[in-house]
$ cat data.txt   # compact mmCIF, C-alpha atoms and all ligand atoms
# COMPACT_ATOMS: atom_id res chain seq x y z
CA MET A 130 36.68 -85.75 34.21
CA LEU A 131 36.42 -85.43 30.40
CA ASN A 132 38.82 -87.50 28.32
CA ILE A 133 40.11 -85.48 25.37
CA GLY A 134 41.53 -86.24 21.93
CA VAL A 135 43.14 -83.67 19.63
CA VAL A 136 43.16 -84.17 15.85
CA GLY A 137 45.85 -82.00 14.23
CA CYS A 138 48.91 -80.93 16.25
CA GLY A 139 49.85 -77.73 14.44
CA ARG A 140 50.09 -74.16 15.67
CA ILE A 141 46.56 -73.60 17.02
CA ALA A 142 46.57 -76.97 18.81
CA GLN A 143 49.95 -76.12 20.36
CA VAL A 144 49.29 -72.53 21.44
CA ARG A 145 45.63 -72.83 22.41
CA HIS A 146 43.86 -76.20 22.61
CA LEU A 147 46.50 -78.38 24.27
CA PRO A 148 47.67 -75.83 26.91
CA GLU A 149 44.09 -74.82 27.76
CA TYR A 150 43.02 -78.49 28.17
CA LEU A 151 46.09 -79.12 30.31
CA GLU A 152 45.24 -76.18 32.57
CA HIS A 153 41.59 -77.26 32.88
CA ASP A 154 40.99 -79.29 36.06
CA GLY A 155 38.14 -81.19 34.40
CA CYS A 156 40.12 -82.46 31.39
CA HIS A 157 42.59 -85.23 30.72
CA ILE A 158 44.33 -85.40 27.31
CA VAL A 159 44.23 -89.05 26.24
CA ALA A 160 45.51 -89.03 22.65
CA VAL A 161 46.60 -86.84 19.76
CA THR A 162 47.04 -87.49 16.06
CA ASP A 163 48.48 -85.64 13.07
CA MET A 164 49.14 -86.57 9.45
CA ASN A 165 52.76 -85.76 10.37
CA MET A 166 53.44 -88.68 12.73
CA ASP A 167 56.71 -87.22 14.06
CA ARG A 168 54.78 -84.14 15.16
CA ALA A 169 52.11 -86.28 16.85
CA LEU A 170 54.81 -88.28 18.66
CA GLU A 171 56.56 -85.12 19.89
CA ILE A 172 53.30 -83.64 21.18
CA ALA A 173 52.36 -86.96 22.83
CA ARG A 174 55.75 -86.93 24.58
CA GLN A 175 55.16 -83.37 25.83
CA TYR A 176 51.61 -84.07 27.03
CA HIS A 177 52.17 -87.64 28.29
CA CYS A 178 49.45 -89.11 26.08
CA HIS A 179 49.08 -91.53 23.15
CA ALA A 180 50.02 -90.66 19.57
CA ASP A 181 47.52 -92.38 17.27
CA ALA A 182 48.38 -93.05 13.64
CA SER A 183 45.11 -91.65 12.29
CA ALA A 184 41.99 -89.71 13.22
CA GLU A 185 40.01 -92.96 12.75
CA MET A 186 42.12 -94.71 15.41
CA LEU A 187 41.78 -91.83 17.83
CA LEU A 188 38.01 -91.58 17.33
CA ALA A 189 37.65 -95.34 17.85
CA ARG A 190 38.92 -95.00 21.44
CA PRO A 191 35.83 -95.56 23.61
CA GLU A 192 37.36 -93.67 26.55
CA ILE A 193 37.52 -90.36 24.64
CA ASP A 194 34.53 -88.07 25.37
CA ALA A 195 35.42 -84.96 23.39
CA VAL A 196 37.76 -83.90 20.61
CA SER A 197 39.30 -80.76 19.16
CA VAL A 198 39.49 -80.64 15.37
CA CYS A 199 42.56 -78.54 14.47
CA VAL A 200 43.28 -79.73 10.93
CA ALA A 201 43.32 -77.95 7.56
CA ASN A 202 39.98 -76.35 6.57
CA ALA A 203 39.11 -78.93 3.89
CA ASP A 204 39.00 -81.73 6.50
CA HIS A 205 36.97 -79.97 9.22
CA ALA A 206 33.60 -81.41 8.17
CA ALA A 207 34.72 -85.00 7.56
CA VAL A 208 36.59 -85.29 10.88
CA THR A 209 33.83 -83.51 12.83
CA ILE A 210 31.04 -85.66 11.40
CA HIS A 211 33.03 -88.84 11.97
CA ALA A 212 33.67 -87.77 15.58
CA LEU A 213 29.99 -86.96 16.21
CA HIS A 214 28.97 -90.35 14.76
CA ALA A 215 31.49 -91.91 17.15
CA GLY A 216 29.65 -90.23 20.04
CA LYS A 217 32.25 -87.53 20.76
CA HIS A 218 31.53 -83.88 21.56
CA VAL A 219 33.41 -81.67 19.08
CA LEU A 220 35.21 -78.35 19.21
CA CYS A 221 36.05 -77.60 15.57
CA GLU A 222 38.27 -74.74 14.52
CA LYS A 223 37.10 -72.01 12.16
CA PRO A 224 36.22 -71.71 9.34
CA MET A 225 33.56 -74.26 10.19
CA ALA A 226 33.84 -76.06 6.82
CA ILE A 227 34.35 -75.28 3.16
CA THR A 228 30.75 -75.53 1.90
CA LEU A 229 27.45 -74.45 3.42
CA ASP A 230 26.09 -77.99 2.94
CA GLU A 231 28.93 -79.33 5.07
CA CYS A 232 28.23 -76.74 7.79
CA GLN A 233 24.54 -77.67 7.82
CA LYS A 234 25.41 -81.38 7.99
CA MET A 235 27.71 -80.77 10.96
CA VAL A 236 24.89 -79.04 12.86
CA ASP A 237 22.34 -81.71 11.90
CA THR A 238 24.68 -84.54 12.91
CA ALA A 239 25.36 -82.90 16.29
CA THR A 240 21.61 -82.56 16.88
CA LYS A 241 20.85 -86.16 15.85
CA SER A 242 23.68 -87.58 17.94
CA ASN A 243 22.86 -85.29 20.87
CA ARG A 244 26.47 -84.12 21.14
CA VAL A 245 27.85 -80.62 21.69
CA LEU A 246 29.31 -78.92 18.62
CA VAL A 247 31.29 -75.75 19.27
CA ILE A 248 33.17 -73.73 16.62
CA GLY A 249 36.35 -71.80 17.49
CA HIS A 250 34.96 -68.27 17.13
CA ASN A 251 36.92 -67.20 20.18
CA GLN A 252 36.42 -63.46 19.53
CA ARG A 253 32.97 -63.80 21.12
CA LEU A 254 34.64 -64.79 24.39
CA LEU A 255 36.90 -61.75 24.79
CA LYS A 256 35.86 -59.85 27.93
CA THR A 257 35.69 -56.56 26.05
CA HIS A 258 33.42 -58.02 23.38
CA GLN A 259 31.07 -59.43 26.00
CA PHE A 260 31.10 -56.07 27.80
CA VAL A 261 30.34 -54.23 24.54
CA ARG A 262 27.48 -56.58 23.68
CA ASN A 263 25.88 -55.70 27.03
CA LEU A 264 26.49 -51.97 26.53
CA ILE A 265 24.78 -52.07 23.14
CA ALA A 266 21.86 -54.11 24.50
CA SER A 267 21.43 -51.60 27.34
CA GLY A 268 21.04 -48.76 24.81
CA GLU A 269 24.31 -46.99 25.74
CA ILE A 270 24.90 -45.77 22.16
CA GLY A 271 21.26 -45.73 21.12
CA GLN A 272 20.28 -47.29 17.83
CA VAL A 273 23.21 -48.84 15.96
CA LEU A 274 23.66 -47.02 12.66
CA MET A 275 27.01 -47.80 11.03
CA TRP A 276 30.09 -49.83 11.98
CA SER A 277 33.39 -51.10 10.70
CA SER A 278 35.50 -54.03 11.83
CA ARG A 279 38.85 -55.21 10.59
CA PHE A 280 41.19 -58.12 11.07
CA CYS A 281 44.40 -57.54 9.15
CA HIS A 282 47.83 -59.09 9.60
CA GLY A 283 50.79 -60.12 7.49
CA GLY A 284 49.46 -63.56 6.52
CA PRO A 285 49.63 -67.14 7.77
CA GLU A 286 53.13 -68.00 6.52
CA SER A 287 54.82 -66.90 9.76
CA TRP A 288 52.07 -68.57 11.79
CA SER A 289 51.57 -72.07 10.37
CA ILE A 290 53.72 -74.85 11.81
CA ASP A 291 54.96 -75.76 8.31
CA LYS A 292 56.76 -72.62 7.28
CA ASN A 293 57.33 -73.59 3.64
CA ASN A 294 54.57 -74.72 1.34
CA ILE A 295 51.83 -74.06 3.90
CA TRP A 296 48.35 -75.52 3.36
CA PHE A 297 46.79 -72.05 3.76
CA PHE A 298 48.10 -71.28 0.21
CA ASN A 299 46.87 -74.57 -1.27
CA ARG A 300 43.35 -74.09 -2.59
CA GLU A 301 42.48 -77.78 -2.19
CA ARG A 302 43.39 -77.73 1.51
CA SER A 303 42.28 -74.22 2.54
CA ALA A 304 39.55 -73.55 -0.09
CA TYR A 305 39.64 -69.80 0.65
CA GLY A 306 41.97 -67.10 1.90
CA ALA A 307 41.64 -64.07 4.18
CA LEU A 308 37.83 -63.90 3.94
CA PHE A 309 37.30 -67.30 5.58
CA ASP A 310 40.44 -67.17 7.73
CA LEU A 311 39.96 -63.72 9.28
CA GLY A 312 36.75 -62.23 7.87
CA ILE A 313 34.65 -65.01 9.41
CA HIS A 314 35.85 -63.95 12.89
CA LYS A 315 34.55 -60.40 12.37
CA ILE A 316 31.34 -61.31 10.55
CA ASP A 317 30.54 -63.70 13.39
CA LEU A 318 31.58 -61.10 15.98
CA MET A 319 29.33 -58.39 14.53
CA GLN A 320 26.31 -60.72 14.51
CA TYR A 321 27.11 -61.44 18.18
CA LEU A 322 27.80 -57.86 19.34
CA LEU A 323 24.72 -56.44 17.66
CA ASP A 324 22.58 -59.52 18.39
CA ASP A 325 21.55 -59.23 14.76
CA HIS A 326 21.91 -61.04 11.44
CA VAL A 327 23.40 -60.11 8.11
CA CYS A 328 20.56 -59.92 5.59
CA ALA A 329 22.51 -58.71 2.54
CA ALA A 330 26.14 -58.58 1.50
CA PHE A 331 28.26 -56.94 -1.15
CA ALA A 332 31.94 -57.84 -1.24
CA ILE A 333 35.12 -57.80 -3.21
CA THR A 334 38.00 -60.23 -2.84
CA ALA A 335 41.44 -59.77 -4.36
CA THR A 336 44.91 -61.26 -4.39
CA GLN A 337 46.94 -58.10 -4.15
CA ASP A 338 50.42 -59.18 -3.15
CA LYS A 339 50.84 -62.54 -1.48
CA LYS A 340 53.16 -65.08 -3.15
CA ASP A 341 53.65 -68.77 -2.36
CA ALA A 342 56.99 -70.48 -1.66
CA ASP A 343 57.65 -70.59 -5.44
CA ASN A 344 57.01 -66.84 -5.71
CA ARG A 345 53.72 -67.33 -7.59
CA PRO A 346 50.61 -65.34 -6.63
CA ILE A 347 48.61 -67.42 -4.17
CA PRO A 348 45.43 -69.04 -5.58
CA VAL A 349 43.19 -67.67 -2.79
CA GLU A 350 42.28 -64.11 -1.82
CA ASP A 351 44.72 -62.17 0.36
CA ASN A 352 42.13 -59.41 0.97
CA ALA A 353 38.38 -59.11 1.26
CA ILE A 354 36.21 -56.07 1.85
CA CYS A 355 32.60 -56.82 2.75
CA MET A 356 29.73 -54.37 3.04
CA LEU A 357 27.02 -55.89 5.22
CA HIS A 358 23.42 -54.91 5.85
CA MET A 359 21.92 -56.12 9.10
CA GLN A 360 18.31 -57.13 9.60
CA GLY A 361 18.07 -54.47 12.36
CA GLY A 362 18.88 -51.76 9.82
CA SER A 363 22.57 -50.96 10.39
CA TRP A 364 25.26 -51.14 7.72
CA GLY A 365 28.88 -52.01 8.24
CA THR A 366 32.12 -53.10 6.66
CA VAL A 367 34.50 -55.95 7.41
CA HIS A 368 38.04 -55.84 6.05
CA ALA A 369 40.06 -59.06 6.21
CA SER A 370 43.67 -58.89 5.06
CA TRP A 371 46.82 -61.00 4.86
CA THR A 372 48.84 -58.05 3.51
CA CYS A 373 49.02 -55.80 6.55
CA TYR A 374 52.79 -55.83 7.02
CA GLY A 375 52.74 -53.21 9.75
CA LYS A 376 51.15 -53.66 13.17
CA GLU A 377 48.23 -56.12 13.24
CA ARG A 378 44.84 -54.37 13.06
CA ASN A 379 42.09 -56.16 14.93
CA ASN A 380 39.50 -53.63 16.00
CA THR A 381 35.95 -52.40 15.62
CA VAL A 382 34.16 -49.04 15.70
CA ILE A 383 30.38 -48.81 16.10
CA ASP A 384 28.39 -45.60 15.61
CA GLY A 385 25.00 -45.32 17.25
CA SER A 386 22.41 -42.55 17.44
CA LEU A 387 23.74 -41.55 20.92
CA GLY A 388 27.47 -42.05 20.45
CA THR A 389 30.40 -44.16 19.27
CA LEU A 390 32.04 -47.30 20.65
CA ARG A 391 35.72 -47.83 19.88
CA ILE A 392 36.84 -51.38 20.57
CA TYR A 393 40.56 -52.36 20.75
CA ASP A 394 41.19 -49.11 18.89
CA HIS A 395 43.43 -47.42 21.48
CA PRO A 396 46.88 -48.41 22.83
CA VAL A 397 45.71 -48.38 26.48
CA TYR A 398 41.94 -48.67 26.64
CA ALA A 399 40.17 -51.71 25.24
CA CYS A 400 36.87 -49.88 24.97
CA ILE A 401 36.05 -46.18 24.69
CA VAL A 402 32.54 -44.74 24.63
CA GLU A 403 32.27 -41.26 23.08
CA LYS A 404 28.82 -39.81 23.64
CA LYS A 405 27.03 -37.29 21.42
CA THR A 406 26.94 -35.07 24.53
CA GLY A 407 30.78 -34.94 24.56
CA GLU A 408 31.06 -37.27 27.58
CA LYS A 409 33.77 -39.96 27.24
CA SER A 410 34.26 -43.21 29.19
CA TYR A 411 37.40 -45.34 29.08
CA TYR A 412 37.47 -49.06 29.95
CA GLN A 413 40.48 -51.32 30.45
CA THR A 414 38.65 -54.63 30.19
CA ASP A 415 41.36 -56.83 28.57
CA GLU A 416 43.81 -56.96 25.66
CA ILE A 417 43.18 -58.36 22.19
CA GLN A 418 45.11 -61.52 21.25
CA THR A 419 47.58 -61.14 18.40
CA ASN A 420 49.51 -63.78 16.45
CA GLU A 421 52.60 -62.90 18.50
CA LYS A 422 50.82 -62.44 21.81
CA GLN A 423 48.45 -65.30 22.56
CA THR A 424 46.36 -64.94 25.70
CA ARG A 425 44.04 -67.57 27.14
CA SER A 426 41.16 -67.76 24.64
CA GLY A 427 38.58 -69.32 26.95
CA ILE A 428 37.25 -71.51 24.14
CA ILE A 429 38.16 -74.73 25.96
CA ASP A 430 36.44 -73.53 29.17
CA GLU A 431 33.37 -72.69 27.10
CA PHE A 432 33.35 -76.07 25.32
CA VAL A 433 33.71 -78.01 28.59
CA ARG A 434 31.08 -75.84 30.29
CA ALA A 435 28.57 -76.55 27.50
CA ILE A 436 29.23 -80.31 27.73
CA LEU A 437 28.99 -80.49 31.51
CA THR A 438 26.02 -78.16 32.06
CA GLY A 439 24.01 -78.86 28.91
CA VAL A 440 23.51 -75.07 28.58
CA PRO A 441 24.12 -74.20 24.89
CA SER A 442 27.30 -72.34 24.04
CA VAL A 443 27.49 -68.86 22.50
CA ASN A 444 29.88 -70.66 20.14
CA ALA A 445 27.38 -73.39 19.23
CA GLY A 446 27.44 -74.76 15.69
CA ARG A 447 24.11 -73.14 14.79
CA HIS A 448 25.49 -69.63 15.45
CA ALA A 449 28.56 -70.45 13.35
CA LEU A 450 26.31 -71.76 10.57
CA SER A 451 24.53 -68.40 10.48
CA SER A 452 27.87 -66.55 10.26
CA MET A 453 29.04 -68.94 7.53
CA ARG A 454 25.87 -68.14 5.52
CA ALA A 455 26.82 -64.48 5.64
CA THR A 456 30.42 -65.28 4.68
CA PHE A 457 29.31 -67.42 1.73
CA ALA A 458 27.00 -64.57 0.70
CA CYS A 459 30.12 -62.34 0.62
CA LEU A 460 31.93 -64.92 -1.50
CA THR A 461 29.03 -65.18 -3.96
CA SER A 462 28.84 -61.39 -4.14
CA ALA A 463 32.57 -61.13 -4.89
CA GLN A 464 32.20 -63.75 -7.63
CA THR A 465 29.09 -62.23 -9.22
CA HIS A 466 29.62 -58.51 -8.47
CA ARG A 467 26.07 -58.35 -7.12
CA ILE A 468 24.44 -57.74 -3.75
CA VAL A 469 23.49 -61.11 -2.29
CA GLU A 470 20.45 -61.27 -0.03
CA ILE A 471 20.08 -63.84 2.70
CA ASN A 472 16.67 -65.29 2.83
CA ASP A 473 14.54 -64.77 5.97
CA SER A 474 13.91 -68.45 6.61
CA TRP A 475 17.69 -68.95 6.78
CA ILE A 476 18.10 -66.05 9.20
CA ASN A 477 15.35 -67.24 11.47
CA GLY A 478 15.80 -70.99 10.93
N1 LIG B 501 40.41 -69.64 16.09
C1 LIG B 501 41.47 -69.03 15.59
O1 LIG B 501 41.70 -67.84 15.82
C2 LIG B 501 42.43 -69.82 14.73
C3 LIG B 501 43.76 -69.38 14.63
C4 LIG B 501 44.62 -70.12 13.81
C5 LIG B 501 44.17 -71.24 13.13
N2 LIG B 501 42.86 -71.60 13.22
C6 LIG B 501 42.35 -72.75 12.45
O2 LIG B 501 42.89 -73.96 12.99
C7 LIG B 501 43.07 -74.91 11.95
C8 LIG B 501 44.50 -75.41 11.99
O3 LIG B 501 45.35 -74.29 11.72
P1 LIG B 501 46.83 -74.15 12.27
O4 LIG B 501 47.09 -72.71 12.32
O5 LIG B 501 47.04 -74.98 13.49
O6 LIG B 501 47.63 -74.78 11.03
P2 LIG B 501 49.06 -75.47 11.03
O7 LIG B 501 49.51 -75.50 9.62
O8 LIG B 501 49.97 -74.80 12.02
O9 LIG B 501 48.77 -76.94 11.55
C9 LIG B 501 47.88 -77.82 10.95
C10 LIG B 501 48.23 -79.21 11.45
O10 LIG B 501 47.19 -80.11 11.07
C11 LIG B 501 47.79 -81.27 10.48
N3 LIG B 501 46.76 -81.79 9.58
C12 LIG B 501 46.20 -81.18 8.52
N4 LIG B 501 45.21 -81.92 8.00
C13 LIG B 501 45.15 -83.04 8.77
C14 LIG B 501 44.32 -84.20 8.76
N5 LIG B 501 43.33 -84.37 7.87
N6 LIG B 501 44.51 -85.16 9.72
C15 LIG B 501 45.51 -85.02 10.63
N7 LIG B 501 46.32 -83.94 10.68
C16 LIG B 501 46.14 -82.96 9.78
C17 LIG B 501 49.07 -80.77 9.83
O11 LIG B 501 50.01 -81.82 9.61
C18 LIG B 501 49.53 -79.73 10.85
O12 LIG B 501 50.30 -80.33 11.87
C19 LIG B 501 42.70 -74.20 10.64
O13 LIG B 501 41.42 -74.53 10.23
C20 LIG B 501 42.78 -72.72 11.00
O14 LIG B 501 41.92 -71.92 10.23
C21 LIG B 501 42.00 -70.93 14.02
$ encode --input "data.txt" --output "structure tokens"
Amino acid sequence: MLNIGVVGCGRIAQVRHLPEYLEHDGCHIVAVTDMNMDRALEIARQYHCHADASAEMLLARPEIDAVSVCVANADHAAVTIHALHAGKHVLCEKPMAITLDECQKMVDTATKSNRVLVIGHNQRLLKTHQFVRNLIASGEIGQVLMWSSRFCHGGPESWSIDKNNIWFFNRERSAYGALFDLGIHKIDLMQYLLDDHVCAAFAITATQDKKDADNRPIPVEDNAICMLHMQGGSWGTVHASWTCYGKERNNTVIDGSLGTLRIYDHPVYACIVEKKTGEKSYYQTDEIQTNEKQTRSGIIDEFVRAILTGVPSVNAGRHALSSMRATFACLTSAQTHRIVEINDSWING
């Protein structure tokens, strides 16, 4: 049995981490904490566990084996590194951290302390994405040529537990906007699906529409469009948006030399293969999660599996670090209006 602590009791802890730990036979939730003590107390009441007054107190509990870090982006690295030093395995939410140095330090600390570090890139665990990765590896669409992936919804204000004055719109707490909130999911996903690495990026970021609670334009980007070149030769785009006020768009299309893969791009079929020969195949593998419709993410199962078996996770910190390098390359490109190349030793390191 793994004893669990949860740091941060907001929306993602409530809809994903806590219920998935509760359902897992191998886990027992020992304590939670939140900077909002009333929230921690309410969650502790619901989950029959302790409410600790701080992350430090929770991490000092010797009985806790593993923790979820579900706090604002700016605190991911500090809490994760503290937890790893305290001997805990860590599942940290995305974006991994707010600087590349912090991401690297998280990976290094996990290695030195011999603890599992998993990052919440749950898109890798969707059945359809795993199915598509195998299809591509088997050569079903030939050589991957071009692709596009998008994650666009109406913004975090209807999602975050604190409806007014949310931390997502506070640059000191979030650091970035849609690029690191949603774009990271798709950049990471494309590296996973194609089993490839971004080697160059060109991107724009913009604040097109989103206003804070005082009706001022938010200080972080509400949109990002990234053009990515993969080491294997394909090119693709990622669009991340907080200003999609219609139906959420969370899909991917991949063109190969033998045909096209459409992923979560049809109301019924999760995956469609359209061959150059005219042949079409339709697959109903699963449904994509949306903000309104949360399905079991599998990230807790994956974290626990990695701890108990010692077999590295597809969501291991080092994979997330690689995706964060690509995302920071996009940020630098948007700031400098230049193509940013990612050096080979980073890709292969
Ligand atoms: N994997 C995903 O798809 C996914 C989805 C949503 C959110 N997230 C990530 O999860 C994290 C939390 O987001 P959320 O949506 O739950 O936000 P939220 O605003 O709903 O909740 C955040 C909670 O953390 C608490 N908190 C913040 N900083 C803290 C600190 N240093 N110590 C203790 N408590 C702290 C807040 O009081 C609040 O209760 C973010 O990094 C976000 O990007 C990931």
$ residues_near_ligand --input "data.txt" --ligand "ligand LIG 501 (chain B)" --cutoff "6 Å" --atoms "all atoms listed in the file" --output "VMD selection string"
chain A and resid 136 to 142 163 to 165 199 to 202 204 222 to 224 249 to 251 289 to 291 310
$ closest_residue --input "data.txt" --among "A:Gln233, A:Asn293, A:Thr336, A:Gln360" --to "A:Ser451" --atoms "only C-alpha atoms"
A:Gln233
$ closest_residue --input "data.txt" --among "A:Leu274, A:Leu390, A:Ile468, A:Leu254" --to "A:Gly427" --atoms "all atoms listed in the file"
A:Leu254
$ atom_distance --input "data.txt" --atom1 "atom CA of A:Cys400" --atom2 "atom CA of A:Met319"
15.4 Å
$ atom_distance --input "data.txt" --atom1 "atom CA of A:His358" --atom2 "atom CA of A:Val273"
11.8 Å
$ closest_residue --input "data.txt" --among "A:Cys156, A:Ala206, A:Ala173, A:Met130" --to "A:Gln143" --atoms "all atoms listed in the file"
A:Ala173
$ residues_around --input "data.txt" --residues "A:Ile476" --least-positions-apart "4" --cutoff "10 Å" --atoms "only C-alpha atoms" --output "list in words"
Asp325, His326, Val327, Cys328, Gln360, Ser451, Ser452, Arg454, Ala455, Ile471 and Asn472 of chain A
$ closest_residue --input "data.txt" --among "A:Met275, A:Val245, A:Ile265, A:Ile417" --to "A:Arg447" --atoms "only C-alpha atoms"
A:Val245
